[in-house]
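**Student:** What follows is a single structure, and I will ask about it in a moment.
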Amino acid sequence: MRLITFMLILLFGLQAEAKKLLLPMDENQKNHLKAYGIAYWTLERDVDLEWLLNYRGGSFLIPFSQTILNECNIRGVSYEVVSDAQTNSIYTQIASPDVNMEIIKLEKVPKIAVYSPQGKQPWDDAVTLVLTYAEIPYEIIYDTEVIEGKLPLYDWLHLHHEDFTGQFGKFYASYKNAAWYQDEVRVNTETANKLGFSKVSDLKNAVANEIKKYVIGGGFLFTMCSGTDSYDISLAATGVDICESMYDGDPAEANYQSKLDFSQSLAFKNFSLVQDPLKYEFSNIDATMDHVGLGQVKDVFTLFDFSAKWDIVPTMLTQSHKRVVTGFMGQTTAFRKDFLKPNVTVLGETKSINSAKYIHGELGKGQWTFYGGHDPEDYRHLVGDPPTDLNLHPNSAGYRLILNNVLFPAAKKKKLKT
């Protein structure tokens, strides 16, 4: 009985001393992806936390709470209970000018929107898949909500792998007789007409420009696969008809390549469009064939190592337990560096073929991130492939990069209550 009493006193004493929960994000973490969900869940409960950049893979430090500890156990997330003395030791280590580490306070719950057609399942898109797996809530919006001016309601916007050029993914040659393709054309055409546009390409261009205004006003934009280059192409082609008749009912205008305005795009310049309407490619921005030449075994990309104390934003976006990440294909796999604007920051690259996989930039008060490829754990994702089961990939470095972006706006100060 005395032994039990002693153990209880010791346990309560340790809990009284323990002031923080550390979610390690190095190789000791059992589930990296759900750890981001714990961080988001904590913010939802109006509890601020700290992101320890480059400390053990970008760990999270949270005020001790039995409720949060229990939630970690429920979700299978590894944690360590650290005392005041241990916490101070961590702070001292990170503050040293000799180490490439920094502390970022997360204090705002980002409200997340995913631009996606209704009816799409989470596994149709890597971002919705990992948000669902990490248990991070999001709302679906599409063309109607964008045109109606609802983007400012959200802190973070992801573009489902979309074709903003109005060419329906350039799937015509392979899938024009497929029911899903015909349904997509019909629904998009009906939506465009309902919103006052005679063509889907005109609607998508208007949406692209509304998204650009959202970023300029302070929004955070993230997109993958064809939602990257097709988006920039649409911006550069504002007021120019680049669609052939099978896509919009009339021929593309003459010499449309020379009419592109690269000053309007976010990331890319001086690119050439693929003018064959039956070819499954938008432009020479995409480095898919370069990566095909590498082969799956050699297809990797390396994350840049930024200065955490000076280059805070790119450091946040590249937090990982692995600096070399397995590559993966998509309609747009990566970006040829020759076409990047000079103000674009390359976050991850495949240096041997001069391609950038992961890029970032600023526009007005906002920021954007483009990530090439379709699914970080499905090397060559094809139409009709089974969904990726993230229970098999809880430590995916490729998926971690998506979640870095999801938490990124949380570093923006929350509004003070009055």
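Order determines the names: the first chain of the structure tokens is A, the second B, and so forth; residues in each chain are numbered 1 upward, and ligands are numbered 1 upward as they are shown.
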If we count only C-alpha atoms, what is near His393 in chain A at a cut-off of 10 Å, once residues fewer than 6 positions away on the same chain are taken out, given as a list in words?
**Tutor:** Asn31, His32, Leu33, Pro376, Glu377 and Tyr399 of chain A
**Student:** Fewer than 5 positions away in the same chain doesn't count, so skip those; otherwise give me all residues within 7 Å of range 401-408 of chain A, counting only C-alpha atoms, as a ChimeraX atom specification.
**Tutor:** /A:36,127,316-319
**Student:** As number ranges by chain, please: every residue in range 150-397 of chain A that DSSP puts in strand (DSSP E).
**Tutor:** A: 156-159, 220-224, 300-303, 324-326, 335-336, 345-350, 355-363, 366-371
**Student:** For the residues in that selection, give me C-alpha atoms as a compact mmCIF listing (two decimals), in the first residue's frame.
**Tutor:**
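Dumped to part12.txt:
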# COMPACT_ATOMS: atom_id res chain seq x y z
CA TRP A 156 -5.57 28.83 -47.33
CA LEU A 157 -6.66 27.61 -50.74
CA HIS A 158 -5.69 24.44 -52.57
CA LEU A 159 -6.45 23.93 -56.25
CA PHE A 220 -2.08 31.45 -49.23
CA LEU A 221 -2.31 29.39 -52.43
CA PHE A 222 -1.13 25.80 -52.79
CA THR A 223 -1.52 23.61 -55.84
CA MET A 224 -0.11 20.44 -57.40
CA VAL A 300 14.30 11.73 -56.40
CA PHE A 301 14.42 15.39 -55.43
CA THR A 302 16.45 17.16 -52.78
CA LEU A 303 15.11 19.77 -50.40
CA VAL A 324 16.11 13.48 -50.26
CA VAL A 325 12.51 12.66 -51.18
CA THR A 326 11.21 10.00 -53.55
CA PHE A 335 9.13 22.39 -63.73
CA ARG A 336 12.02 23.11 -66.08
CA THR A 345 12.34 30.32 -54.67
CA VAL A 346 13.19 26.70 -55.47
CA LEU A 347 12.45 24.56 -52.40
CA GLY A 348 13.23 21.17 -53.94
CA GLU A 349 15.04 20.16 -57.11
CA THR A 350 16.33 17.29 -59.20
CA SER A 355 14.13 20.52 -62.82
CA ALA A 356 12.37 22.07 -59.84
CA LYS A 357 9.82 19.91 -58.04
CA TYR A 358 8.72 22.32 -55.33
CA ILE A 359 8.68 26.13 -55.66
CA HIS A 360 7.40 29.14 -53.76
CA GLY A 361 6.83 32.84 -54.24
CA GLU A 362 5.19 35.97 -52.93
CA LEU A 363 2.60 38.18 -54.59
CA GLY A 366 0.08 36.74 -50.08
CA GLN A 367 2.15 33.71 -50.98
CA TRP A 368 1.88 30.68 -53.23
CA THR A 369 3.46 27.23 -53.50
CA PHE A 370 3.55 24.91 -56.52
CA TYR A 371 4.36 21.20 -56.06
**Student:** Do a neighbour search on Pro63 in chain A at 9 Å with only C-alpha atoms, toss out local chain neighbours closer than 5 positions, and write the hits as a count of residues only.
**Tutor:** 8
**Student:** Which one of A:Lys111, A:His160, A:Lys105, A:Arg75 sits closest to Tyr138 in chain A if you count only C-alpha atoms?
**Tutor:**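 For Tyr138 in chain A, the nearest of the given residues is A:Lys111.
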**Student:** Pull the helix (DSSP H, G or I) assignments for range 222-343 of chain A out of DSSP run on the backbone, and list those residues as a tab-separated table (two decimals) with N, CA, C and O atoms, in the first residue's frame.
**Tutor:**
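Listed below is the output, result.tsv:
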chain	number	residue	atom	x	y	z
A	226	SER	N	-1.33	19.44	-62.52
A	226	SER	CA	-1.70	20.37	-63.58
A	226	SER	C	-2.32	21.66	-63.07
A	226	SER	O	-2.51	22.61	-63.85
A	227	GLY	N	-2.62	21.73	-61.77
A	227	GLY	CA	-3.11	22.97	-61.19
A	227	GLY	C	-2.03	24.03	-61.09
A	227	GLY	O	-2.33	25.17	-60.72
A	228	THR	N	-0.80	23.68	-61.43
A	228	THR	CA	0.32	24.63	-61.36
A	228	THR	C	0.51	25.34	-62.70
A	228	THR	O	0.21	26.52	-62.83
A	229	ASP	N	1.01	24.61	-63.70
A	229	ASP	CA	1.31	25.26	-64.98
A	229	ASP	C	0.06	25.69	-65.73
A	229	ASP	O	0.04	26.75	-66.36
A	230	SER	N	-1.03	24.90	-65.66
A	230	SER	CA	-2.25	25.32	-66.38
A	230	SER	C	-2.80	26.60	-65.78
A	230	SER	O	-3.40	27.42	-66.49
A	231	TYR	N	-2.61	26.78	-64.48
A	231	TYR	CA	-3.05	28.02	-63.83
A	231	TYR	C	-2.26	29.22	-64.35
A	231	TYR	O	-2.84	30.24	-64.73
A	232	ASP	N	-0.95	29.09	-64.39
A	232	ASP	CA	-0.11	30.18	-64.87
A	232	ASP	C	-0.34	30.46	-66.35
A	232	ASP	O	-0.32	31.61	-66.80
A	233	ILE	N	-0.55	29.40	-67.14
A	233	ILE	CA	-0.84	29.57	-68.56
A	233	ILE	C	-2.12	30.37	-68.74
A	233	ILE	O	-2.19	31.28	-69.58
A	234	SER	N	-3.13	30.05	-67.95
A	234	SER	CA	-4.39	30.78	-68.05
A	234	SER	C	-4.20	32.26	-67.76
A	234	SER	O	-4.75	33.12	-68.47
A	235	LEU	N	-3.42	32.58	-66.73
A	235	LEU	CA	-3.16	33.99	-66.41
A	235	LEU	C	-2.46	34.69	-67.57
A	235	LEU	O	-2.84	35.81	-67.95
A	236	ALA	N	-1.45	34.03	-68.13
A	236	ALA	CA	-0.70	34.64	-69.23
A	236	ALA	C	-1.55	34.79	-70.49
A	236	ALA	O	-1.30	35.67	-71.32
A	245	SER	N	-11.32	23.99	-81.47
A	245	SER	CA	-12.77	23.86	-81.55
A	245	SER	C	-13.34	22.70	-80.72
A	245	SER	O	-14.48	22.78	-80.24
A	246	MET	N	-12.59	21.59	-80.55
A	246	MET	CA	-13.14	20.47	-79.77
A	246	MET	C	-13.30	20.83	-78.30
A	246	MET	O	-13.97	20.13	-77.55
A	247	TYR	N	-12.70	21.95	-77.89
A	247	TYR	CA	-12.79	22.35	-76.49
A	247	TYR	C	-13.77	23.51	-76.25
A	247	TYR	O	-14.41	23.57	-75.21
A	248	ASP	N	-13.86	24.42	-77.24
A	248	ASP	CA	-14.75	25.57	-76.99
A	248	ASP	C	-15.62	25.94	-78.18
A	248	ASP	O	-16.27	26.98	-78.17
A	256	TYR	N	-1.45	32.85	-81.34
A	256	TYR	CA	-1.74	33.09	-79.92
A	256	TYR	C	-0.50	33.00	-79.03
A	256	TYR	O	-0.43	33.62	-77.99
A	257	GLN	N	0.50	32.23	-79.45
A	257	GLN	CA	1.72	32.13	-78.64
A	257	GLN	C	2.36	33.50	-78.43
A	257	GLN	O	2.79	33.84	-77.33
A	258	SER	N	2.40	34.29	-79.49
A	258	SER	CA	3.05	35.60	-79.41
A	258	SER	C	2.25	36.61	-78.58
A	258	SER	O	2.76	37.68	-78.23
A	259	LYS	N	1.01	36.27	-78.26
A	259	LYS	CA	0.14	37.20	-77.54
A	259	LYS	C	0.12	36.94	-76.02
A	259	LYS	O	-0.55	37.65	-75.28
A	262	PHE	N	3.49	37.26	-70.12
A	262	PHE	CA	4.13	36.56	-69.01
A	262	PHE	C	4.20	37.41	-67.75
A	262	PHE	O	4.47	36.89	-66.66
A	263	SER	N	3.94	38.70	-67.86
A	263	SER	CA	3.94	39.54	-66.67
A	263	SER	C	2.76	39.22	-65.76
A	263	SER	O	2.75	39.59	-64.58
A	264	GLN	N	1.75	38.53	-66.30
A	264	GLN	CA	0.56	38.22	-65.52
A	264	GLN	C	0.69	36.91	-64.73
A	264	GLN	O	-0.08	36.68	-63.79
A	288	THR	N	8.09	16.26	-67.31
A	288	THR	CA	7.73	14.84	-67.17
A	288	THR	C	8.67	13.93	-67.94
A	288	THR	O	9.18	12.94	-67.40
A	289	MET	N	8.90	14.23	-69.21
A	289	MET	CA	9.72	13.34	-70.02
A	289	MET	C	11.17	13.30	-69.53
A	289	MET	O	11.85	12.27	-69.67
A	290	ASP	N	11.65	14.37	-68.94
A	290	ASP	CA	13.00	14.37	-68.36
A	290	ASP	C	13.06	13.38	-67.20
A	290	ASP	O	14.05	12.67	-67.03
A	291	HIS	N	11.99	13.33	-66.42
A	291	HIS	CA	11.96	12.40	-65.28
A	291	HIS	C	11.75	10.97	-65.74
A	291	HIS	O	12.27	10.03	-65.13
A	292	VAL	N	11.00	10.77	-66.82
A	292	VAL	CA	10.85	9.44	-67.40
A	292	VAL	C	12.23	8.90	-67.78
A	292	VAL	O	12.55	7.72	-67.55
A	293	GLY	N	13.07	9.77	-68.31
A	293	GLY	CA	14.42	9.37	-68.69
A	293	GLY	C	15.28	8.93	-67.51
A	293	GLY	O	16.17	8.11	-67.66
A	294	LEU	N	15.00	9.48	-66.33
A	294	LEU	CA	15.75	9.08	-65.14
A	294	LEU	C	15.41	7.66	-64.72
A	294	LEU	O	16.28	6.91	-64.26
A	312	ILE	N	12.94	32.24	-42.94
A	312	ILE	CA	11.98	31.49	-42.13
A	312	ILE	C	10.91	30.80	-42.97
A	312	ILE	O	10.58	29.63	-42.74
A	313	VAL	N	10.37	31.50	-43.95
A	313	VAL	CA	9.27	30.92	-44.74
A	313	VAL	C	9.72	29.66	-45.49
A	313	VAL	O	9.09	28.61	-45.34
A	314	PRO	N	10.78	29.72	-46.31
A	314	PRO	CA	11.18	28.47	-46.98
A	314	PRO	C	11.62	27.38	-46.01
A	314	PRO	O	11.46	26.19	-46.31
A	315	THR	N	12.14	27.76	-44.85
A	315	THR	CA	12.50	26.75	-43.85
A	315	THR	C	11.26	26.04	-43.35
A	315	THR	O	11.25	24.80	-43.20
A	316	MET	N	10.20	26.77	-43.09
A	316	MET	CA	8.94	26.16	-42.65
A	316	MET	C	8.43	25.17	-43.71
A	316	MET	O	7.99	24.07	-43.39
A	317	LEU	N	8.50	25.57	-44.96
A	317	LEU	CA	7.91	24.77	-46.03
A	317	LEU	C	8.72	23.52	-46.35
A	317	LEU	O	8.21	22.62	-47.03
A	337	LYS	N	13.64	24.52	-64.99
A	337	LYS	CA	14.11	25.75	-64.35
A	337	LYS	C	14.30	26.90	-65.33
A	337	LYS	O	14.25	28.06	-64.93
A	338	ASP	N	14.52	26.58	-66.60
A	338	ASP	CA	14.73	27.63	-67.60
A	338	ASP	C	13.55	28.60	-67.67
A	338	ASP	O	13.70	29.73	-68.12
A	339	PHE	N	12.36	28.13	-67.23
A	339	PHE	CA	11.16	28.95	-67.37
A	339	PHE	C	10.69	29.57	-66.05
A	339	PHE	O	9.61	30.16	-66.00
**Student:** Need the shell around Pro409 in chain A: protein/DNA/RNA residues with any atom at most 9 Å away, counting only C-alpha atoms. Skip same-chain ones fewer than 5 positions apart. Format as a list of chain:residue names?
**Tutor:**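 Here the answer would be A:Leu106, A:Lys108, A:Val109, A:Pro110, A:Asp155, A:Trp156, A:Gly219, A:Phe220.
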**Student:** Restricting it to N, CA and C atoms, dump the selection as a PDB file, in the first residue's frame.
**Tutor:**
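What follows is the written file result-v3.pdb:
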ATOM      1  N   LEU A 106       2.817  29.246 -33.503  1.00  0.00           N
ATOM      2  CA  LEU A 106       1.598  29.019 -34.273  1.00  0.00           C
ATOM      3  C   LEU A 106       0.409  29.396 -33.392  1.00  0.00           C
ATOM      4  N   LYS A 108      -2.849  30.806 -35.002  1.00  0.00           N
ATOM      5  CA  LYS A 108      -4.083  31.069 -35.765  1.00  0.00           C
ATOM      6  C   LYS A 108      -4.543  29.786 -36.422  1.00  0.00           C
ATOM      7  N   VAL A 109      -5.818  29.490 -36.304  1.00  0.00           N
ATOM      8  CA  VAL A 109      -6.362  28.302 -36.972  1.00  0.00           C
ATOM      9  C   VAL A 109      -6.658  28.658 -38.426  1.00  0.00           C
ATOM     10  N   PRO A 110      -5.910  28.109 -39.386  1.00  0.00           N
ATOM     11  CA  PRO A 110      -6.182  28.442 -40.788  1.00  0.00           C
ATOM     12  C   PRO A 110      -7.509  27.839 -41.246  1.00  0.00           C
ATOM     13  N   ASP A 155      -8.291  31.288 -45.294  1.00  0.00           N
ATOM     14  CA  ASP A 155      -6.877  31.644 -45.136  1.00  0.00           C
ATOM     15  C   ASP A 155      -5.991  30.900 -46.109  1.00  0.00           C
ATOM     16  N   TRP A 156      -6.423  29.719 -46.527  1.00  0.00           N
ATOM     17  CA  TRP A 156      -5.570  28.827 -47.327  1.00  0.00           C
ATOM     18  C   TRP A 156      -6.425  28.166 -48.396  1.00  0.00           C
ATOM     19  N   GLY A 219      -3.894  36.018 -49.285  1.00  0.00           N
ATOM     20  CA  GLY A 219      -4.210  34.597 -49.207  1.00  0.00           C
ATOM     21  C   GLY A 219      -2.998  33.712 -49.450  1.00  0.00           C
ATOM     22  N   PHE A 220      -3.121  32.456 -49.020  1.00  0.00           N
ATOM     23  CA  PHE A 220      -2.082  31.452 -49.232  1.00  0.00           C
ATOM     24  C   PHE A 220      -2.609  30.442 -50.241  1.00  0.00           C
TER      25      PHE A 220
END
**Student:** Which of these residues is nearest to Arg45 in chain A, using only C-alpha atoms: A:Glu107, A:Glu102, A:Glu27, A:Glu162?
**Tutor:**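 Among the listed residues, the smallest separation from Arg45 in chain A belongs to A:Glu107.
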